[in-house]
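**Student:** Sending over start-v7.csv (CSV, N, CA and C atoms and all ligand atoms).
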chain,number,residue,atom,x,y,z
A,1,MET,N,-4.6,-16.3,0.1
A,1,MET,CA,-5.2,-16.5,-1.2
A,1,MET,C,-4.1,-17.0,-2.1
A,2,SER,N,-4.3,-18.2,-2.7
A,2,SER,CA,-3.2,-18.9,-3.5
A,2,SER,C,-2.8,-18.1,-4.8
A,3,ASP,N,-3.8,-17.4,-5.4
A,3,ASP,CA,-3.5,-16.8,-6.7
A,3,ASP,C,-3.3,-15.3,-6.6
A,4,CYS,N,-3.0,-14.8,-5.4
A,4,CYS,CA,-2.9,-13.3,-5.1
A,4,CYS,C,-1.5,-12.9,-5.2
A,5,ILE,N,-1.2,-11.9,-6.0
A,5,ILE,CA,0.2,-11.5,-6.2
A,5,ILE,C,0.8,-11.0,-4.8
A,6,PHE,N,0.0,-10.2,-4.1
A,6,PHE,CA,0.6,-9.6,-2.9
A,6,PHE,C,0.7,-10.7,-1.8
A,7,CYS,N,-0.2,-11.7,-1.7
A,7,CYS,CA,0.0,-12.8,-0.8
A,7,CYS,C,1.3,-13.5,-1.1
A,8,LYS,N,1.5,-13.7,-2.4
A,8,LYS,CA,2.7,-14.5,-2.9
A,8,LYS,C,4.0,-13.7,-2.5
A,9,ILE,N,3.9,-12.4,-2.7
A,9,ILE,CA,5.1,-11.5,-2.3
A,9,ILE,C,5.3,-11.7,-0.8
A,10,ASP,N,4.3,-11.6,0.0
A,10,ASP,CA,4.4,-11.7,1.4
A,10,ASP,C,5.0,-13.1,1.8
A,11,GLN,N,4.6,-14.1,1.1
A,11,GLN,CA,5.2,-15.5,1.4
A,11,GLN,C,6.6,-15.7,0.8
A,12,GLY,N,7.1,-14.7,0.0
A,12,GLY,CA,8.4,-14.9,-0.6
A,12,GLY,C,8.3,-15.7,-1.9
A,13,GLU,N,7.2,-15.9,-2.4
A,13,GLU,CA,7.0,-16.7,-3.6
A,13,GLU,C,7.3,-15.9,-4.9
A,14,ILE,N,7.1,-14.6,-4.8
A,14,ILE,CA,7.4,-13.7,-5.9
A,14,ILE,C,8.3,-12.6,-5.3
A,15,PRO,N,9.5,-12.4,-6.0
A,15,PRO,CA,10.4,-11.4,-5.4
A,15,PRO,C,9.9,-10.0,-5.4
A,16,ALA,N,10.2,-9.2,-4.4
A,16,ALA,CA,10.0,-7.8,-4.3
A,16,ALA,C,10.9,-7.2,-3.2
A,17,GLU,N,11.2,-6.0,-3.4
A,17,GLU,CA,12.1,-5.3,-2.4
A,17,GLU,C,11.2,-4.8,-1.3
A,18,LYS,N,11.3,-5.5,-0.2
A,18,LYS,CA,10.5,-5.0,1.0
A,18,LYS,C,11.3,-4.0,1.7
A,19,VAL,N,10.7,-2.8,1.9
A,19,VAL,CA,11.4,-1.7,2.5
A,19,VAL,C,11.1,-1.6,4.0
A,20,PHE,N,10.0,-2.2,4.4
A,20,PHE,CA,9.6,-2.2,5.8
A,20,PHE,C,8.6,-3.4,6.0
A,21,GLU,N,8.7,-3.9,7.2
A,21,GLU,CA,7.7,-5.0,7.6
A,21,GLU,C,7.5,-5.0,9.1
A,22,ASP,N,6.3,-5.3,9.5
A,22,ASP,CA,6.0,-5.6,10.9
A,22,ASP,C,5.0,-6.7,10.9
A,23,GLU,N,4.4,-7.0,12.1
A,23,GLU,CA,3.6,-8.2,12.2
A,23,GLU,C,2.3,-8.2,11.3
A,24,GLY,N,1.9,-6.9,11.0
A,24,GLY,CA,0.6,-6.8,10.3
A,24,GLY,C,0.6,-6.3,8.9
A,25,LEU,N,1.8,-5.8,8.5
A,25,LEU,CA,1.9,-5.2,7.1
A,25,LEU,C,3.3,-5.3,6.6
A,26,PHE,N,3.4,-5.1,5.3
A,26,PHE,CA,4.7,-4.9,4.7
A,26,PHE,C,4.6,-3.8,3.6
A,27,VAL,N,5.8,-3.3,3.2
A,27,VAL,CA,5.9,-2.2,2.3
A,27,VAL,C,6.9,-2.6,1.2
A,28,ILE,N,6.5,-2.4,-0.1
A,28,ILE,CA,7.4,-2.7,-1.2
A,28,ILE,C,7.4,-1.5,-2.1
A,29,LYS,N,8.4,-1.5,-3.0
A,29,LYS,CA,8.5,-0.5,-4.1
A,29,LYS,C,7.5,-0.9,-5.2
A,30,ASP,N,6.8,0.0,-5.7
A,30,ASP,CA,5.9,-0.3,-6.8
A,30,ASP,C,6.7,-0.7,-8.1
A,31,VAL,N,6.3,-1.7,-8.8
A,31,VAL,CA,7.1,-2.2,-9.9
A,31,VAL,C,7.0,-1.2,-11.1
A,32,ASN,N,5.9,-0.4,-11.1
A,32,ASN,CA,5.7,0.6,-12.2
A,32,ASN,C,5.4,2.0,-11.5
A,33,PRO,N,6.5,2.6,-11.0
A,33,PRO,CA,6.3,3.8,-10.2
A,33,PRO,C,5.7,5.0,-11.0
A,34,GLN,N,4.8,5.6,-10.3
A,34,GLN,CA,4.1,6.8,-10.8
A,34,GLN,C,4.6,8.1,-10.2
A,35,ALA,N,5.7,8.0,-9.4
A,35,ALA,CA,6.3,9.2,-8.8
A,35,ALA,C,7.8,8.7,-8.4
A,36,PRO,N,8.7,9.7,-8.2
A,36,PRO,CA,10.0,9.3,-7.8
A,36,PRO,C,10.1,8.3,-6.6
A,37,THR,N,9.2,8.5,-5.7
A,37,THR,CA,9.0,7.6,-4.6
A,37,THR,C,7.6,7.0,-4.7
A,38,HIS,N,7.4,5.7,-5.0
A,38,HIS,CA,6.1,5.1,-5.0
A,38,HIS,C,6.2,3.8,-4.3
A,39,LEU,N,5.7,3.8,-3.1
A,39,LEU,CA,5.7,2.6,-2.2
A,39,LEU,C,4.2,2.1,-2.1
A,40,LEU,N,4.1,0.8,-1.9
A,40,LEU,CA,2.8,0.2,-1.6
A,40,LEU,C,2.9,-0.4,-0.1
A,41,ILE,N,1.9,0.1,0.7
A,41,ILE,CA,1.8,-0.3,2.0
A,41,ILE,C,0.7,-1.4,2.1
A,42,ILE,N,1.0,-2.6,2.4
A,42,ILE,CA,0.1,-3.7,2.2
A,42,ILE,C,-0.2,-4.5,3.5
A,43,PRO,N,-1.4,-4.4,4.0
A,43,PRO,CA,-1.7,-5.3,5.1
A,43,PRO,C,-1.5,-6.8,4.8
A,44,LYS,N,-1.0,-7.6,5.7
A,44,LYS,CA,-0.7,-9.0,5.4
A,44,LYS,C,-2.0,-9.8,5.2
A,45,ARG,N,-3.0,-9.5,5.9
A,45,ARG,CA,-4.3,-10.3,5.7
A,45,ARG,C,-4.9,-10.0,4.4
A,46,HIS,N,-5.4,-11.0,3.7
A,46,HIS,CA,-5.9,-10.9,2.4
A,46,HIS,C,-7.3,-10.2,2.5
A,47,ILE,N,-7.3,-8.9,2.4
A,47,ILE,CA,-8.6,-8.1,2.4
A,47,ILE,C,-8.7,-7.6,0.9
A,48,PRO,N,-9.7,-8.0,0.2
A,48,PRO,CA,-9.8,-7.6,-1.2
A,48,PRO,C,-9.8,-6.1,-1.5
A,49,THR,N,-10.7,-5.4,-0.8
A,49,THR,CA,-10.9,-4.0,-1.0
A,49,THR,C,-11.3,-3.3,0.3
A,50,LEU,N,-11.4,-2.0,0.3
A,50,LEU,CA,-11.9,-1.3,1.5
A,50,LEU,C,-13.2,-1.8,2.0
A,51,LEU,N,-14.0,-2.3,1.1
A,51,LEU,CA,-15.4,-2.8,1.4
A,51,LEU,C,-15.4,-4.0,2.3
A,52,GLU,N,-14.3,-4.8,2.3
A,52,GLU,CA,-14.3,-6.0,3.1
A,52,GLU,C,-13.6,-5.8,4.4
A,53,LEU,N,-13.3,-4.6,4.8
A,53,LEU,CA,-12.6,-4.4,6.1
A,53,LEU,C,-13.5,-4.9,7.3
A,54,GLU,N,-12.9,-5.5,8.3
A,54,GLU,CA,-13.6,-6.0,9.4
A,54,GLU,C,-13.0,-5.3,10.7
A,55,GLU,N,-13.7,-5.5,11.8
A,55,GLU,CA,-13.3,-5.0,13.0
A,55,GLU,C,-11.8,-5.3,13.4
A,56,GLN,N,-11.4,-6.6,13.0
A,56,GLN,CA,-10.1,-7.1,13.3
A,56,GLN,C,-9.0,-6.3,12.6
A,57,ASP,N,-9.4,-5.5,11.6
A,57,ASP,CA,-8.4,-4.8,10.8
A,57,ASP,C,-8.2,-3.4,11.3
A,58,ARG,N,-8.9,-3.0,12.3
A,58,ARG,CA,-8.8,-1.6,12.8
A,58,ARG,C,-7.3,-1.2,13.1
A,59,SER,N,-6.6,-2.1,13.8
A,59,SER,CA,-5.3,-1.7,14.2
A,59,SER,C,-4.3,-1.6,13.1
A,60,VAL,N,-4.4,-2.5,12.1
A,60,VAL,CA,-3.5,-2.4,10.9
A,60,VAL,C,-3.9,-1.2,10.1
A,61,MET,N,-5.1,-0.8,10.0
A,61,MET,CA,-5.5,0.4,9.2
A,61,MET,C,-4.9,1.6,9.8
A,62,SER,N,-4.9,1.7,11.1
A,62,SER,CA,-4.2,2.8,11.8
A,62,SER,C,-2.7,2.8,11.6
A,63,ARG,N,-2.2,1.6,11.7
A,63,ARG,CA,-0.7,1.4,11.5
A,63,ARG,C,-0.3,1.8,10.1
A,64,VAL,N,-1.1,1.5,9.1
A,64,VAL,CA,-0.8,1.8,7.7
A,64,VAL,C,-0.5,3.3,7.6
A,65,HIS,N,-1.3,4.1,8.2
A,65,HIS,CA,-1.2,5.6,8.1
A,65,HIS,C,0.0,6.1,8.9
A,66,GLU,N,0.2,5.4,10.1
A,66,GLU,CA,1.4,5.8,10.9
A,66,GLU,C,2.7,5.5,10.1
A,67,VAL,N,2.7,4.3,9.5
A,67,VAL,CA,3.9,3.9,8.7
A,67,VAL,C,4.1,4.8,7.5
A,68,ALA,N,3.0,5.2,6.8
A,68,ALA,CA,3.0,6.1,5.7
A,68,ALA,C,3.7,7.4,6.1
A,69,GLY,N,3.3,8.0,7.2
A,69,GLY,CA,3.9,9.2,7.7
A,69,GLY,C,5.4,9.0,8.1
A,70,LYS,N,5.7,7.9,8.7
A,70,LYS,CA,7.1,7.6,9.1
A,70,LYS,C,8.0,7.5,7.8
A,71,LEU,N,7.5,6.7,6.8
A,71,LEU,CA,8.3,6.6,5.6
A,71,LEU,C,8.4,7.9,4.8
A,72,ALA,N,7.4,8.7,4.8
A,72,ALA,CA,7.5,10.0,4.2
A,72,ALA,C,8.5,10.9,4.9
A,73,CYS,N,8.5,10.9,6.2
A,73,CYS,CA,9.5,11.6,6.9
A,73,CYS,C,10.9,11.1,6.6
A,74,ASP,N,11.0,9.8,6.6
A,74,ASP,CA,12.4,9.2,6.4
A,74,ASP,C,12.9,9.6,5.0
A,75,GLY,N,11.9,9.8,4.0
A,75,GLY,CA,12.3,10.2,2.7
A,75,GLY,C,12.5,11.7,2.5
A,76,GLY,N,12.2,12.4,3.6
A,76,GLY,CA,12.4,13.9,3.5
A,76,GLY,C,11.2,14.6,2.9
A,77,PHE,N,10.0,13.9,2.9
A,77,PHE,CA,8.9,14.5,2.2
A,77,PHE,C,7.9,15.2,3.2
A,78,ASP,N,8.3,15.3,4.5
A,78,ASP,CA,7.4,15.9,5.5
A,78,ASP,C,7.1,17.4,5.2
A,79,GLN,N,8.0,18.1,4.6
A,79,GLN,CA,7.8,19.5,4.2
A,79,GLN,C,7.2,19.6,2.8
A,80,SER,N,7.7,18.8,1.8
A,80,SER,CA,7.3,19.0,0.4
A,80,SER,C,6.0,18.4,0.2
A,81,GLY,N,5.6,17.4,1.0
A,81,GLY,CA,4.2,16.8,0.8
A,81,GLY,C,4.3,15.5,0.2
A,82,PHE,N,3.3,14.7,0.4
A,82,PHE,CA,3.2,13.4,-0.2
A,82,PHE,C,1.7,13.0,-0.2
A,83,ARG,N,1.4,11.9,-0.9
A,83,ARG,CA,0.0,11.5,-1.0
A,83,ARG,C,-0.1,10.0,-0.7
A,84,VAL,N,-1.2,9.7,0.0
A,84,VAL,CA,-1.6,8.3,0.3
A,84,VAL,C,-2.9,8.0,-0.4
A,85,VAL,N,-2.9,7.0,-1.3
A,85,VAL,CA,-4.0,6.7,-2.2
A,85,VAL,C,-4.5,5.3,-2.0
A,86,VAL,N,-5.8,5.1,-1.9
A,86,VAL,CA,-6.3,3.7,-2.0
A,86,VAL,C,-7.3,3.7,-3.1
A,87,ASN,N,-7.2,2.8,-4.1
A,87,ASN,CA,-8.2,2.7,-5.2
A,87,ASN,C,-9.1,1.5,-4.8
A,88,CYS,N,-10.4,1.8,-4.9
A,88,CYS,CA,-11.4,0.8,-4.5
A,88,CYS,C,-12.3,0.4,-5.6
A,89,GLY,N,-12.0,-0.7,-6.2
A,89,GLY,CA,-12.8,-1.2,-7.4
A,89,GLY,C,-12.1,-0.9,-8.7
A,90,ALA,N,-12.5,-1.7,-9.7
A,90,ALA,CA,-11.8,-1.5,-11.0
A,90,ALA,C,-12.1,-0.2,-11.6
A,91,GLY,N,-13.3,0.4,-11.3
A,91,GLY,CA,-13.7,1.7,-11.9
A,91,GLY,C,-12.8,2.8,-11.3
A,92,ALA,N,-12.2,2.6,-10.2
A,92,ALA,CA,-11.3,3.6,-9.5
A,92,ALA,C,-9.9,3.3,-9.8
A,93,GLY,N,-9.6,2.2,-10.6
A,93,GLY,CA,-8.2,1.9,-11.0
A,93,GLY,C,-7.6,0.8,-10.2
A,94,GLN,N,-8.4,0.1,-9.4
A,94,GLN,CA,-7.8,-1.0,-8.6
A,94,GLN,C,-7.5,-2.2,-9.5
A,95,SER,N,-6.3,-2.7,-9.5
A,95,SER,CA,-5.9,-3.8,-10.4
A,95,SER,C,-5.5,-5.0,-9.6
A,96,VAL,N,-5.1,-4.8,-8.4
A,96,VAL,CA,-4.7,-5.9,-7.5
A,96,VAL,C,-5.7,-5.9,-6.4
A,97,PHE,N,-6.5,-7.1,-6.3
A,97,PHE,CA,-7.6,-7.1,-5.3
A,97,PHE,C,-7.1,-7.7,-4.0
A,98,HIS,N,-6.1,-7.1,-3.4
A,98,HIS,CA,-5.6,-7.3,-2.1
A,98,HIS,C,-5.3,-5.9,-1.6
A,99,ILE,N,-6.0,-5.4,-0.6
A,99,ILE,CA,-5.9,-4.0,-0.3
A,99,ILE,C,-4.5,-3.5,-0.1
A,100,HIS,N,-4.3,-2.3,-0.6
A,100,HIS,CA,-2.9,-1.7,-0.5
A,100,HIS,C,-3.1,-0.2,-0.6
A,101,PHE,N,-2.1,0.5,-0.1
A,101,PHE,CA,-2.1,2.0,0.0
A,101,PHE,C,-0.9,2.5,-0.7
A,102,HIS,N,-1.1,3.3,-1.7
A,102,HIS,CA,0.0,3.9,-2.5
A,102,HIS,C,0.6,5.1,-1.7
A,103,LEU,N,1.9,5.1,-1.5
A,103,LEU,CA,2.5,6.3,-1.0
A,103,LEU,C,3.3,6.9,-2.1
A,104,LEU,N,2.9,8.1,-2.5
A,104,LEU,CA,3.5,8.8,-3.7
A,104,LEU,C,4.2,10.1,-3.2
A,105,ALA,N,5.4,10.3,-3.7
A,105,ALA,CA,6.1,11.5,-3.2
A,105,ALA,C,7.2,11.8,-4.2
A,106,GLY,N,7.7,13.0,-4.1
A,106,GLY,CA,8.9,13.4,-4.9
A,106,GLY,C,8.6,14.2,-6.2
A,107,ARG,N,7.3,14.5,-6.4
A,107,ARG,CA,6.9,15.4,-7.5
A,107,ARG,C,5.7,16.2,-7.1
A,108,ALA,N,5.4,17.2,-7.9
A,108,ALA,CA,4.2,18.0,-7.6
A,108,ALA,C,3.0,17.1,-7.9
A,109,MET,N,2.0,17.2,-7.0
A,109,MET,CA,0.7,16.4,-7.2
A,109,MET,C,-0.4,17.3,-7.7
A,110,GLN,N,-1.2,16.7,-8.6
A,110,GLN,CA,-2.3,17.4,-9.2
A,110,GLN,C,-3.6,17.1,-8.4
A,111,TRP,N,-4.5,18.0,-8.4
A,111,TRP,CA,-5.8,17.8,-7.8
A,111,TRP,C,-6.9,18.3,-8.7
A,112,PRO,N,-8.0,17.6,-9.1
A,112,PRO,CA,-8.2,16.2,-8.6
A,112,PRO,C,-7.3,15.2,-9.3
A,113,PRO,N,-7.2,14.0,-8.8
A,113,PRO,CA,-6.2,13.1,-9.3
A,113,PRO,C,-6.5,12.6,-10.7
A,114,GLY,N,-7.8,12.6,-11.1
A,114,GLY,CA,-8.1,12.2,-12.5
A,114,GLY,C,-8.5,10.7,-12.6
A,201,LIG,P1,-3.9,-0.7,-8.0
A,201,LIG,O1,-3.9,-0.4,-9.5
A,201,LIG,O2,-4.5,-2.0,-7.6
A,201,LIG,O3,-4.3,0.4,-7.1
A,201,LIG,O4,-2.3,-0.8,-7.7
A,201,LIG,C1,-1.6,-2.0,-7.9
A,201,LIG,C2,-0.2,-1.6,-8.0
A,201,LIG,O5,0.6,-2.8,-7.8
A,201,LIG,C3,0.2,-1.0,-9.3
A,201,LIG,O6,0.7,0.3,-9.1
A,201,LIG,C4,1.2,-2.0,-9.9
A,201,LIG,O7,2.3,-1.3,-10.6
A,201,LIG,C5,1.7,-2.7,-8.6
A,201,LIG,N1,2.1,-4.1,-8.9
A,201,LIG,C6,1.5,-5.0,-9.6
A,201,LIG,N2,2.2,-6.2,-9.6
A,201,LIG,C7,3.3,-6.0,-8.9
A,201,LIG,C8,4.4,-6.8,-8.5
A,201,LIG,O8,4.5,-8.0,-8.8
A,201,LIG,N3,5.4,-6.2,-7.8
A,201,LIG,C9,5.3,-4.9,-7.4
A,201,LIG,N4,6.4,-4.4,-6.6
A,201,LIG,N5,4.3,-4.1,-7.7
A,201,LIG,C10,3.3,-4.6,-8.4
A,202,ZN,ZN,-3.7,-11.5,-1.1
Once you've parsed the file, please lay out its structure as structure tokens.
**Tutor:**
Amino acid sequence: MSDCIFCKIDQGEIPAEKVFEDEGLFVIKDVNPQAPTHLLIIPKRHIPTLLELEEQDRSVMSRVHEVAGKLACDGGFDQSGFRVVVNCGAGAGQSVFHIHFHLLAGRAMQWPPG
């Protein structure tokens, strides 16, 4: 998608600090962090929201969660806890319509999120 921020970051057209990448996804630091550690795990395919997932996305969706756990362990958050969040739709707070998973860690988490 030519006007998508995350597609542009993936293509190197907008700078971002990639902390991890494989063939199906990449991980960047959120530009406006909501926790001491706030990473975005982003499938490379331009999927707007959870509602547009297709069968071809099954492996990357599994990989997203595997990578989230690995990065949380790498950061030392396996004992203290961490949160993986996906916002679906503007009413839920989604502002970038290229699917992404927030990995939040390093502070106490409240429930419900609000
Ligand atoms: P959403 O609100 O869609 O769930 O999350 C979008 C996230 O992307 C927000 O937390 C926002 O701070 C982050 N974000 C938006 N634009 C950029 C950008 O250009 N670079 C980075 N690293 N993060 C961005
Ligand atoms: Zn995109």
**Student:** Skip region 64-72 of chain A itself and residues of its chain fewer than 6 positions away, then list as a PDB file with N, CA and C atoms, in the frame of the given file all residues within 7 Å of it, counting only C-alpha atoms.
**Tutor:**
ATOM      1  N   ILE A  41       1.900   0.100   0.700  1.00  0.00           N
ATOM      2  CA  ILE A  41       1.800  -0.300   2.000  1.00  0.00           C
ATOM      3  C   ILE A  41       0.700  -1.400   2.100  1.00  0.00           C
ATOM      4  N   ASP A  78       8.300  15.300   4.500  1.00  0.00           N
ATOM      5  CA  ASP A  78       7.400  15.900   5.500  1.00  0.00           C
ATOM      6  C   ASP A  78       7.100  17.400   5.200  1.00  0.00           C
ATOM      7  N   LEU A 103       1.900   5.100  -1.500  1.00  0.00           N
ATOM      8  CA  LEU A 103       2.500   6.300  -1.000  1.00  0.00           C
ATOM      9  C   LEU A 103       3.300   6.900  -2.100  1.00  0.00           C
TER      10      LEU A 103
END
**Student:** For Leu39 (chain A), work out the shell of residues within 7 Å, counting only C-alpha atoms and skipping chain neighbours fewer than 5 positions away, then give it as a list in words.
**Tutor:** Val27, Ile28, Lys29, Asp30, His102, Leu103 and Leu104 of chain A
**Student:** Would you write out, as CSV, a table of all residues in chain A that have an atom no more than 5 Å from an atom of ligand LIG 201 (chain A), listing for each the closest atom pair and the distance in Å to one decimal, considering all atoms listed in the file and ordering rows by chain and rising residue number?
**Tutor:**
residue,atom,partner,partner_atom,distance
A:Lys29,C,A:LIG201,N4,3.9
A:Asp30,C,A:LIG201,N4,4.0
A:Val31,N,A:LIG201,N5,3.3
A:Asn32,N,A:LIG201,O7,3.7
A:Asn87,N,A:LIG201,O3,4.8
A:Gly93,C,A:LIG201,O1,4.0
A:Gln94,C,A:LIG201,O2,3.6
A:Ser95,N,A:LIG201,O2,2.7
A:Val96,N,A:LIG201,O2,3.0
**Student:** Just want the residues within 10 Å of ligand ZN 202 (chain A), written as a PDB file with N, CA and C atoms, keeping the file's coordinate frame, counting only C-alpha atoms and all ligand atoms.
**Tutor:**
ATOM      1  N   MET A   1      -4.600 -16.300   0.100  1.00  0.00           N
ATOM      2  CA  MET A   1      -5.200 -16.500  -1.200  1.00  0.00           C
ATOM      3  C   MET A   1      -4.100 -17.000  -2.100  1.00  0.00           C
ATOM      4  N   SER A   2      -4.300 -18.200  -2.700  1.00  0.00           N
ATOM      5  CA  SER A   2      -3.200 -18.900  -3.500  1.00  0.00           C
ATOM      6  C   SER A   2      -2.800 -18.100  -4.800  1.00  0.00           C
ATOM      7  N   ASP A   3      -3.800 -17.400  -5.400  1.00  0.00           N
ATOM      8  CA  ASP A   3      -3.500 -16.800  -6.700  1.00  0.00           C
ATOM      9  C   ASP A   3      -3.300 -15.300  -6.600  1.00  0.00           C
ATOM     10  N   CYS A   4      -3.000 -14.800  -5.400  1.00  0.00           N
ATOM     11  CA  CYS A   4      -2.900 -13.300  -5.100  1.00  0.00           C
ATOM     12  C   CYS A   4      -1.500 -12.900  -5.200  1.00  0.00           C
ATOM     13  N   ILE A   5      -1.200 -11.900  -6.000  1.00  0.00           N
ATOM     14  CA  ILE A   5       0.200 -11.500  -6.200  1.00  0.00           C
ATOM     15  C   ILE A   5       0.800 -11.000  -4.800  1.00  0.00           C
ATOM     16  N   PHE A   6       0.000 -10.200  -4.100  1.00  0.00           N
ATOM     17  CA  PHE A   6       0.600  -9.600  -2.900  1.00  0.00           C
ATOM     18  C   PHE A   6       0.700 -10.700  -1.800  1.00  0.00           C
ATOM     19  N   CYS A   7      -0.200 -11.700  -1.700  1.00  0.00           N
ATOM     20  CA  CYS A   7       0.000 -12.800  -0.800  1.00  0.00           C
ATOM     21  C   CYS A   7       1.300 -13.500  -1.100  1.00  0.00           C
ATOM     22  N   LYS A   8       1.500 -13.700  -2.400  1.00  0.00           N
ATOM     23  CA  LYS A   8       2.700 -14.500  -2.900  1.00  0.00           C
ATOM     24  C   LYS A   8       4.000 -13.700  -2.500  1.00  0.00           C
ATOM     25  N   ILE A   9       3.900 -12.400  -2.700  1.00  0.00           N
ATOM     26  CA  ILE A   9       5.100 -11.500  -2.300  1.00  0.00           C
ATOM     27  C   ILE A   9       5.300 -11.700  -0.800  1.00  0.00           C
ATOM     28  N   ASP A  10       4.300 -11.600   0.000  1.00  0.00           N
ATOM     29  CA  ASP A  10       4.400 -11.700   1.400  1.00  0.00           C
ATOM     30  C   ASP A  10       5.000 -13.100   1.800  1.00  0.00           C
ATOM     31  N   ILE A  42       1.000  -2.600   2.400  1.00  0.00           N
ATOM     32  CA  ILE A  42       0.100  -3.700   2.200  1.00  0.00           C
ATOM     33  C   ILE A  42      -0.200  -4.500   3.500  1.00  0.00           C
ATOM     34  N   PRO A  43      -1.400  -4.400   4.000  1.00  0.00           N
ATOM     35  CA  PRO A  43      -1.700  -5.300   5.100  1.00  0.00           C
ATOM     36  C   PRO A  43      -1.500  -6.800   4.800  1.00  0.00           C
ATOM     37  N   LYS A  44      -1.000  -7.600   5.700  1.00  0.00           N
ATOM     38  CA  LYS A  44      -0.700  -9.000   5.400  1.00  0.00           C
ATOM     39  C   LYS A  44      -2.000  -9.800   5.200  1.00  0.00           C
ATOM     40  N   ARG A  45      -3.000  -9.500   5.900  1.00  0.00           N
ATOM     41  CA  ARG A  45      -4.300 -10.300   5.700  1.00  0.00           C
ATOM     42  C   ARG A  45      -4.900 -10.000   4.400  1.00  0.00           C
ATOM     43  N   HIS A  46      -5.400 -11.000   3.700  1.00  0.00           N
ATOM     44  CA  HIS A  46      -5.900 -10.900   2.400  1.00  0.00           C
ATOM     45  C   HIS A  46      -7.300 -10.200   2.500  1.00  0.00           C
ATOM     46  N   ILE A  47      -7.300  -8.900   2.400  1.00  0.00           N
ATOM     47  CA  ILE A  47      -8.600  -8.100   2.400  1.00  0.00           C
ATOM     48  C   ILE A  47      -8.700  -7.600   0.900  1.00  0.00           C
ATOM     49  N   PRO A  48      -9.700  -8.000   0.200  1.00  0.00           N
ATOM     50  CA  PRO A  48      -9.800  -7.600  -1.200  1.00  0.00           C
ATOM     51  C   PRO A  48      -9.800  -6.100  -1.500  1.00  0.00           C
ATOM     52  N   VAL A  96      -5.100  -4.800  -8.400  1.00  0.00           N
ATOM     53  CA  VAL A  96      -4.700  -5.900  -7.500  1.00  0.00           C
ATOM     54  C   VAL A  96      -5.700  -5.900  -6.400  1.00  0.00           C
ATOM     55  N   PHE A  97      -6.500  -7.100  -6.300  1.00  0.00           N
ATOM     56  CA  PHE A  97      -7.600  -7.100  -5.300  1.00  0.00           C
ATOM     57  C   PHE A  97      -7.100  -7.700  -4.000  1.00  0.00           C
ATOM     58  N   HIS A  98      -6.100  -7.100  -3.400  1.00  0.00           N
ATOM     59  CA  HIS A  98      -5.600  -7.300  -2.100  1.00  0.00           C
ATOM     60  C   HIS A  98      -5.300  -5.900  -1.600  1.00  0.00           C
ATOM     61  N   ILE A  99      -6.000  -5.400  -0.600  1.00  0.00           N
ATOM     62  CA  ILE A  99      -5.900  -4.000  -0.300  1.00  0.00           C
ATOM     63  C   ILE A  99      -4.500  -3.500  -0.100  1.00  0.00           C
ATOM     64  N   HIS A 100      -4.300  -2.300  -0.600  1.00  0.00           N
ATOM     65  CA  HIS A 100      -2.900  -1.700  -0.500  1.00  0.00           C
ATOM     66  C   HIS A 100      -3.100  -0.200  -0.600  1.00  0.00           C
TER      67      HIS A 100
END
**Student:** Within chain A, find each residue whose DSSP state, derived from the backbone, is strand (DSSP E or B), and express the selection as a list in words.
**Tutor:**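 DSSP on the backbone gives strand (DSSP E or B) at Lys18, Val19, Phe20, Glu21, Leu25, Phe26, Val27, Ile28, Lys29, Thr37, His38, Leu39, Leu40, Ile41, Ile42, Pro43, Phe82, Arg83, Val84, Val85, Phe101, His102, Leu103, Leu104 and Ala105 of chain A.
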**Student:** Rounded to one decimal in Å, what is the spacing between CA of Val19 (chain A) and CA of Pro112 (chain A)?
**Tutor:**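 Separation between CA of Val19 (chain A) and CA of Pro112 (chain A): 28.8 Å.
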**Student:** Between CA of Phe77 (chain A) and CA of His38 (chain A), what is the distance, to one decimal in Å?
**Tutor:**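 If I compute the distance from CA of Phe77 (chain A) to CA of His38 (chain A), I get 12.2 Å.
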**Student:** I need the residue nearest Met109 (chain A) from this list: A:Ala92, A:Cys73, A:Ala35, A:Leu50. Use only C-alpha atoms for the distance.
**Tutor:**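 Answer, going by the shortest atom-to-atom distance: A:Ala35.
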**Student:** Taking N, CA, C and O atoms as the atom set, what does region 42-47 of chain A look like once completed, written as an mmCIF file, in the coordinates of the input?
**Tutor:**
data_model
loop_
_atom_site.group_PDB
_atom_site.id
_atom_site.type_symbol
_atom_site.label_atom_id
_atom_site.label_comp_id
_atom_site.auth_asym_id
_atom_site.auth_seq_id
_atom_site.Cartn_x
_atom_site.Cartn_y
_atom_site.Cartn_z
ATOM 1 N N ILE A 42 1.000 -2.600 2.400
ATOM 2 C CA ILE A 42 0.100 -3.700 2.200
ATOM 3 C C ILE A 42 -0.200 -4.500 3.500
ATOM 4 O O ILE A 42 0.729 -5.130 4.046
ATOM 5 N N PRO A 43 -1.400 -4.400 4.000
ATOM 6 C CA PRO A 43 -1.700 -5.300 5.100
ATOM 7 C C PRO A 43 -1.500 -6.800 4.800
ATOM 8 O O PRO A 43 -1.810 -7.163 3.626
ATOM 9 N N LYS A 44 -1.000 -7.600 5.700
ATOM 10 C CA LYS A 44 -0.700 -9.000 5.400
ATOM 11 C C LYS A 44 -2.000 -9.800 5.200
ATOM 12 O O LYS A 44 -2.029 -10.712 4.340
ATOM 13 N N ARG A 45 -3.000 -9.500 5.900
ATOM 14 C CA ARG A 45 -4.300 -10.300 5.700
ATOM 15 C C ARG A 45 -4.900 -10.000 4.400
ATOM 16 O O ARG A 45 -4.870 -8.851 3.893
ATOM 17 N N HIS A 46 -5.400 -11.000 3.700
ATOM 18 C CA HIS A 46 -5.900 -10.900 2.400
ATOM 19 C C HIS A 46 -7.300 -10.200 2.500
ATOM 20 O O HIS A 46 -8.334 -10.920 2.586
ATOM 21 N N ILE A 47 -7.300 -8.900 2.400
ATOM 22 C CA ILE A 47 -8.600 -8.100 2.400
ATOM 23 C C ILE A 47 -8.700 -7.600 0.900
ATOM 24 O O ILE A 47 -7.812 -6.881 0.474
#
